[in-house]
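Shown below: work-v8.txt, with compact mmCIF, C-alpha atoms.
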# COMPACT_ATOMS: atom_id res chain seq x y z
CA MET A 216 139.11 92.63 117.04
CA ALA A 217 136.46 91.08 114.80
CA LYS A 218 137.36 89.62 111.43
CA LYS A 219 136.69 91.93 108.50
CA LYS A 220 136.32 89.06 106.03
CA GLU A 221 136.51 85.30 105.96
CA LEU A 222 139.49 83.56 104.35
CA GLY A 223 138.87 81.23 101.45
CA GLU A 224 139.56 77.54 101.83
CA TYR A 225 142.45 77.65 99.32
CA LEU A 226 144.27 80.33 101.37
CA ARG A 227 143.74 78.39 104.58
CA GLN A 228 145.26 75.32 102.95
CA ARG A 229 148.34 77.39 101.97
CA LEU A 230 148.71 78.65 105.53
CA LEU A 231 148.58 75.09 106.83
CA LEU A 232 151.08 73.88 104.21
CA ALA A 233 153.54 76.62 105.18
CA HIS A 234 153.19 75.61 108.85
CA VAL A 235 153.84 71.96 107.97
CA LYS A 236 157.04 73.03 106.19
CA GLY A 237 158.26 74.57 109.48
CA LYS A 238 157.51 78.25 108.86
CA GLY A 239 156.72 80.40 111.90
CA TYR A 240 153.47 82.30 112.42
CA LYS A 241 155.03 85.72 111.80
CA VAL A 242 156.71 84.58 108.56
CA ILE A 243 153.47 83.03 107.28
CA SER A 244 151.56 86.17 108.29
CA LYS A 245 153.92 88.47 106.42
CA ARG A 246 154.13 86.31 103.29
CA HIS A 247 150.37 85.86 102.87
CA ASP A 248 149.35 89.27 104.28
CA VAL A 249 147.06 87.94 107.02
CA PRO A 250 147.10 88.67 110.77
CA VAL A 251 149.15 86.43 113.04
CA ALA A 252 146.01 85.66 115.07
CA THR A 253 144.32 84.38 111.91
CA VAL A 254 147.24 82.07 111.15
CA HIS A 255 147.09 80.76 114.71
CA SER A 256 143.30 80.23 114.41
CA VAL A 257 143.65 78.22 111.18
CA ILE A 258 146.41 76.00 112.56
CA ASN A 259 144.60 75.48 115.87
CA LYS A 260 141.41 74.52 114.05
CA HIS A 261 143.29 71.88 112.05
CA VAL A 262 144.80 70.47 115.26
CA ARG A 263 141.39 70.20 116.96
CA LEU A 264 139.17 69.12 114.03
CA ASN A 265 141.67 67.82 111.47
CA THR A 266 140.19 70.17 108.84
CA VAL A 267 140.29 73.82 107.79
CA LYS A 268 136.83 73.78 106.15
CA ASN A 269 133.85 75.61 107.57
CA ILE A 270 131.86 73.47 109.98
CA SER A 271 128.10 73.24 109.35
CA GLY A 272 125.83 74.68 112.03
CA ARG A 273 127.74 77.88 112.57
CA GLY A 274 126.04 81.19 113.15
CA LYS A 275 122.83 82.10 114.97
CA LYS A 276 120.43 79.23 115.53
CA HIS A 277 116.93 79.33 114.07
CA LYS A 278 114.17 80.09 116.56
CA MET A 279 111.74 77.84 114.67
CA SER A 280 112.37 74.19 113.96
CA SER A 281 111.61 72.69 110.55
CA LYS A 282 108.59 70.98 112.11
CA LEU A 283 107.16 74.30 113.31
CA VAL A 284 107.79 75.86 109.89
CA ARG A 285 105.82 73.08 108.18
CA LYS A 286 103.02 73.41 110.73
CA LEU A 287 102.84 77.17 110.18
CA CYS A 288 102.67 76.88 106.38
CA GLN A 289 100.10 74.08 106.60
CA GLU A 290 97.88 76.17 108.88
CA VAL A 291 97.93 79.11 106.46
CA ASN A 292 97.35 76.80 103.48
CA ASN A 293 94.26 75.34 105.17
CA ASN A 294 92.93 78.76 106.15
CA PRO A 295 94.47 81.64 104.11
CA TRP A 296 92.72 84.25 106.30
CA THR A 297 94.53 83.22 109.49
CA ARG A 298 95.69 86.36 111.29
CA THR A 299 99.28 86.89 112.37
CA LYS A 300 98.08 87.20 115.97
CA ALA A 301 96.70 83.66 115.85
CA LEU A 302 99.96 82.36 114.40
CA LEU A 303 101.91 84.09 117.18
CA GLU A 304 99.71 82.38 119.78
CA THR A 305 100.26 78.99 118.11
CA LEU A 306 104.02 79.44 118.14
CA ASP A 307 103.96 80.76 121.71
CA GLN A 308 102.23 77.57 122.86
CA ALA A 309 104.95 75.58 121.10
CA GLY A 310 107.63 77.54 122.97
CA ALA A 311 108.89 79.64 120.04
CA LYS A 312 109.20 83.38 120.75
CA VAL A 313 109.30 85.07 117.34
CA SER A 314 108.25 88.39 115.82
CA ARG A 315 105.77 89.18 113.07
CA SER A 316 108.65 89.81 110.66
CA THR A 317 109.99 86.30 111.27
CA ILE A 318 106.58 84.80 110.50
CA LYS A 319 106.37 86.80 107.27
CA ARG A 320 109.83 85.62 106.17
CA VAL A 321 108.92 82.00 106.89
CA LEU A 322 105.67 82.27 104.92
CA HIS A 323 107.44 83.99 102.02
CA ARG A 324 109.97 81.16 101.81
CA GLY A 325 106.99 78.80 101.61
CA GLY A 326 105.48 80.77 98.68
CA LEU A 327 102.73 82.39 100.80
CA TYR A 328 102.18 86.16 100.53
CA GLY A 329 99.66 88.54 102.07
CA CYS A 330 97.28 90.03 99.51
CA SER A 331 93.69 91.14 99.00
CA PRO A 332 91.19 88.41 98.12
CA SER A 333 89.76 87.91 94.66
CA LYS A 334 86.01 88.49 94.46
CA THR A 335 83.82 85.98 92.68
CA LEU A 336 80.11 85.64 91.95
CA SER A 337 80.09 81.87 92.33
CA PRO A 338 76.93 80.62 94.13
CA TRP A 339 77.11 78.78 97.42
CA LYS A 340 76.90 74.99 97.47
CA LYS A 341 73.50 75.02 99.18
CA HIS A 342 72.13 77.25 96.40
CA LEU A 343 73.39 74.90 93.69
CA GLU A 344 71.75 71.92 95.38
CA ALA A 345 68.47 73.81 95.86
CA ARG A 346 68.33 74.80 92.19
CA LEU A 347 69.03 71.29 90.99
CA VAL A 348 66.87 69.27 93.38
CA THR A 349 64.02 71.59 94.35
CA PHE A 350 63.38 73.34 91.05
CA ALA A 351 64.98 71.57 88.09
CA ARG A 352 64.07 68.00 88.98
CA GLY A 353 60.71 69.07 90.43
CA HIS A 354 59.64 70.60 87.09
CA LEU A 355 61.23 68.03 84.83
CA LYS A 356 57.89 66.48 83.78
CA GLN A 357 55.83 69.69 83.65
CA ASP A 358 53.77 70.48 80.56
CA PRO A 359 55.73 72.78 78.18
CA SER A 360 52.82 75.24 78.10
CA LEU A 361 53.55 76.09 81.74
CA TRP A 362 56.68 78.04 80.82
CA SER A 363 54.80 80.40 78.48
CA ALA A 364 52.85 81.74 81.48
CA ILE A 365 55.93 82.54 83.60
CA LEU A 366 57.82 85.82 83.71
CA TRP A 367 61.45 85.36 84.73
CA SER A 368 63.16 88.26 86.49
CA ASP A 369 66.36 88.99 88.37
CA GLU A 370 68.14 91.92 89.96
CA VAL A 371 71.69 92.85 90.90
CA LYS A 372 73.19 95.47 93.17
CA LEU A 373 76.01 97.58 91.71
CA GLU A 374 78.31 99.42 94.11
CA LEU A 375 80.19 102.04 92.13
CA PHE A 376 81.71 104.08 94.96
CA GLY A 377 80.66 102.17 98.10
CA HIS A 378 83.10 101.47 100.94
CA ARG A 379 84.64 98.00 100.91
CA ASP A 380 86.34 96.65 104.01
CA ALA A 381 89.92 95.68 103.23
CA MET A 382 91.00 92.11 103.91
CA SER A 383 94.33 90.43 103.52
CA GLY A 384 95.50 86.88 103.90
CA GLY A 385 98.35 84.56 103.09
CA ARG A 386 98.04 82.44 99.99
CA ASN A 387 99.97 80.89 97.15
CA MET A 388 99.79 83.24 94.16
CA GLN A 389 99.19 80.29 91.81
CA GLU A 390 96.01 79.40 93.74
CA ALA A 391 94.46 82.88 93.79
CA CYS A 392 91.18 81.78 92.14
CA LYS A 393 90.47 78.77 94.33
CA PRO A 394 87.31 79.14 96.51
CA LYS A 395 89.29 79.24 99.77
CA ASN A 396 91.26 82.25 98.48
CA THR A 397 88.27 84.29 97.28
CA VAL A 398 85.52 86.30 98.96
CA PRO A 399 82.02 85.93 97.44
CA THR A 400 80.16 89.17 96.74
CA ILE A 401 76.64 89.60 98.11
CA LYS A 402 73.88 92.05 97.27
CA ARG A 403 74.09 94.29 100.35
CA GLY A 404 75.57 97.63 101.35
CA GLY A 405 74.00 100.31 99.09
CA GLY A 406 74.24 101.16 95.43
CA ASN A 407 72.06 101.03 92.32
CA MET A 408 69.68 98.12 91.77
CA PRO A 409 68.98 97.38 88.08
CA TRP A 410 66.57 94.55 87.27
CA GLY A 411 65.22 92.93 84.16
CA CYS A 412 62.90 90.17 82.99
CA PHE A 413 62.14 87.86 80.09
CA SER A 414 59.45 85.35 79.09
CA SER A 415 58.73 82.95 76.27
CA SER A 416 57.60 85.88 74.10
CA GLY A 417 60.81 87.90 74.51
CA LYS A 418 62.83 90.03 76.91
CA GLY A 419 61.70 93.09 78.85
CA TYR A 420 63.33 96.44 79.50
CA LEU A 421 66.11 97.05 82.01
CA LYS A 422 64.77 99.08 84.97
CA MET A 423 66.46 100.83 87.89
CA GLY A 424 65.19 100.59 91.46
CA SER A 425 63.34 97.85 93.34
CA VAL A 426 61.27 95.28 91.48
CA PRO A 427 57.61 96.51 91.31
CA THR A 428 54.87 94.18 92.51
CA ILE A 429 51.07 94.14 92.37
CA LYS A 430 48.63 92.66 94.81
CA HIS A 431 46.94 89.53 93.51
CA GLY A 432 44.58 87.42 95.58
CA GLY A 433 46.08 88.31 98.95
CA GLY A 434 49.64 87.80 97.69
CA SER A 435 51.94 89.58 95.30
CA MET A 436 53.41 88.94 91.90
CA LEU A 437 55.95 90.60 89.64
CA LEU A 438 54.73 93.12 87.09

Encoding of this model in C-alpha cells:
Amino acid sequence: MAKKKELGEYLRQRLLLAHVKGKGYKVISKRHDVPVATVHSVINKHVRLNTVKNISGRGKKHKMSSKLVRKLCQEVNNNPWTRTKALLETLDQAGAKVSRSTIKRVLHRGGLYGCSPSKTLSPWKKHLEARLVTFARGHLKQDPSLWSAILWSDEVKLELFGHRDAMSGGRNMQEACKPKNTVPTIKRGGGNMPWGCFSSSGKGYLKMGSVPTIKHGGGSMLL
C-alpha cells in the first residue's frame, strides 16, 4: 500500500528515539498513530544510512541534463524564432527523448515565453549606410541653391484590415523591443497608399493613390 503522506523529520526522530529506548514496533505504532510498516522503514533507514533525513536525488530523474537545458535556452536566445520541431531534433541528436510540453516548461523556467513579435519601422542597416554614404556625404558640398529646385516626396502603405500571418517565438519579455525580437514592416500586401511632398517653399497636399509622374526628356519625374 502506498504512503498517503510523508512523515516529518521531527516525528521520525521520535520514532527512532522510542526504538532506542527499547520500545517495540507495535507499541511505537500505536503511541504515535503511524503504521507498523512505517516504523520499520524509519528504523531500517537509520540502520543502513545512519540518518532519518530525506536523501537528495529521490524521485523521477530529469530527462534533460543541466548542460542540455543551457544549450536549449542559448539556442532560443540567439534565434527567438526557432521552432519547437527544430529543438526536438536537436535534443533527439543529443539522446534526449522529450515532449513539446517539457521544452516549454524548460524555456519558461529560463524566462523565455512564446509570443507574437513586435513590429517596428526601423530601417535596415544597408539602408542607413546608403543614406549616409551615398547621399548625405555626396551632397555635403553642394551649392545651397540646389535644394530649392528639389521636390521631396514619400509614400506609405496602410493596411487597415489586411491579413497578417501570425508568428510566434520564444523570447525574454524584458527584451521585446530588441531587433532580434521584432519583425520589420514592409510596404507590400494591399491597402491604401497616401503620399505627400514638400520643398523649400513649403509642404504639399496629402494625396491617396500612387505617386503621379510626368514624362520629361525620355525619363520621368514627380509632379

Closest of A:Val321, A:Arg246, A:Ala301, A:Arg346 to Ser280 in chain A, counting all atoms listed in the file, is A:Val321

**Item:** Long-range neighbours of Val254 in chain A as a list in words, 8 Å cut-off, all atoms listed in the file, 2 positions minimum in chain
**Value:** Leu230, Tyr240, Ile243, Ser244, Val249, Pro250, Val251, Ala252, Ser256, Val257 and Ile258 of chain A

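Using all atoms listed in the file, the nearest neighbour of Glu221 in chain A within the list A:Gly239, A:His261, A:Ala233, A:Lys268 is A:Lys268.
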
Next on the checklist: List as a PyMOL selection string the protein and nucleic acid residues near Leu322 in chain A, meaning an atom at most 9 Å away when all atoms listed in the file are counted, but skip any in the same chain fewer than 4 places from it.
Outcome noted: chain A and resi 284+287-288+291+317-318+326-328+385

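Among the candidates A:Asn265, A:Leu361, A:Leu283, A:Gly419, the residue lying nearest to Gly310 in chain A is A:Leu283 (atoms considered: all atoms listed in the file).
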
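Residue nearest His255 in chain A, chosen from A:Ala309, A:Ile270, A:Leu231, A:Val348 and counting all atoms listed in the file: A:Leu231.
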
Selection near range 304-307 of chain A, 9 Å with only C-alpha atoms, sequence-local residues under 4 positions removed, as a ChimeraX atom specification = /A:279,283,287,299-300,311-313

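Here CA of Ser368 in chain A is placed at a distance of 5.6 Å from CA of Gly411 in chain A.
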
Legend entry - Spatial neighbours of Gly417 in chain A, 12 Å, only C-alpha atoms, chain gap at least 6 places, as a ChimeraX atom specification: /A:363,365-367,411

From the list A:Leu232, A:Leu302, A:Ala345, A:Cys392, the nearest residue to Arg315 in chain A using only C-alpha atoms is A:Leu302

In Å and to one decimal, CA of Leu226 in chain A is distant from CA of His247 in chain A by 8.4 Å

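Take the candidates A:Asn292, A:Ser414, A:Thr349, A:Gln357 and check each one against Glu390 in chain A using all atoms listed in the file; the shortest distance goes to A:Asn292.
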
Box time for range 415-425 of chain A: axis-aligned, enclosing all its listed atoms, 3 Å extra on each side; report centre and edge lengths in Å to one decimal, as JSON.
{"center_x": 62.0, "center_y": 91.9, "center_z": 83.7, "size_x": 14.9, "size_y": 23.9, "size_z": 25.2}

CA of Gly325 in chain A sits from CA of Ser281 in chain A at a separation of 11.8 Å
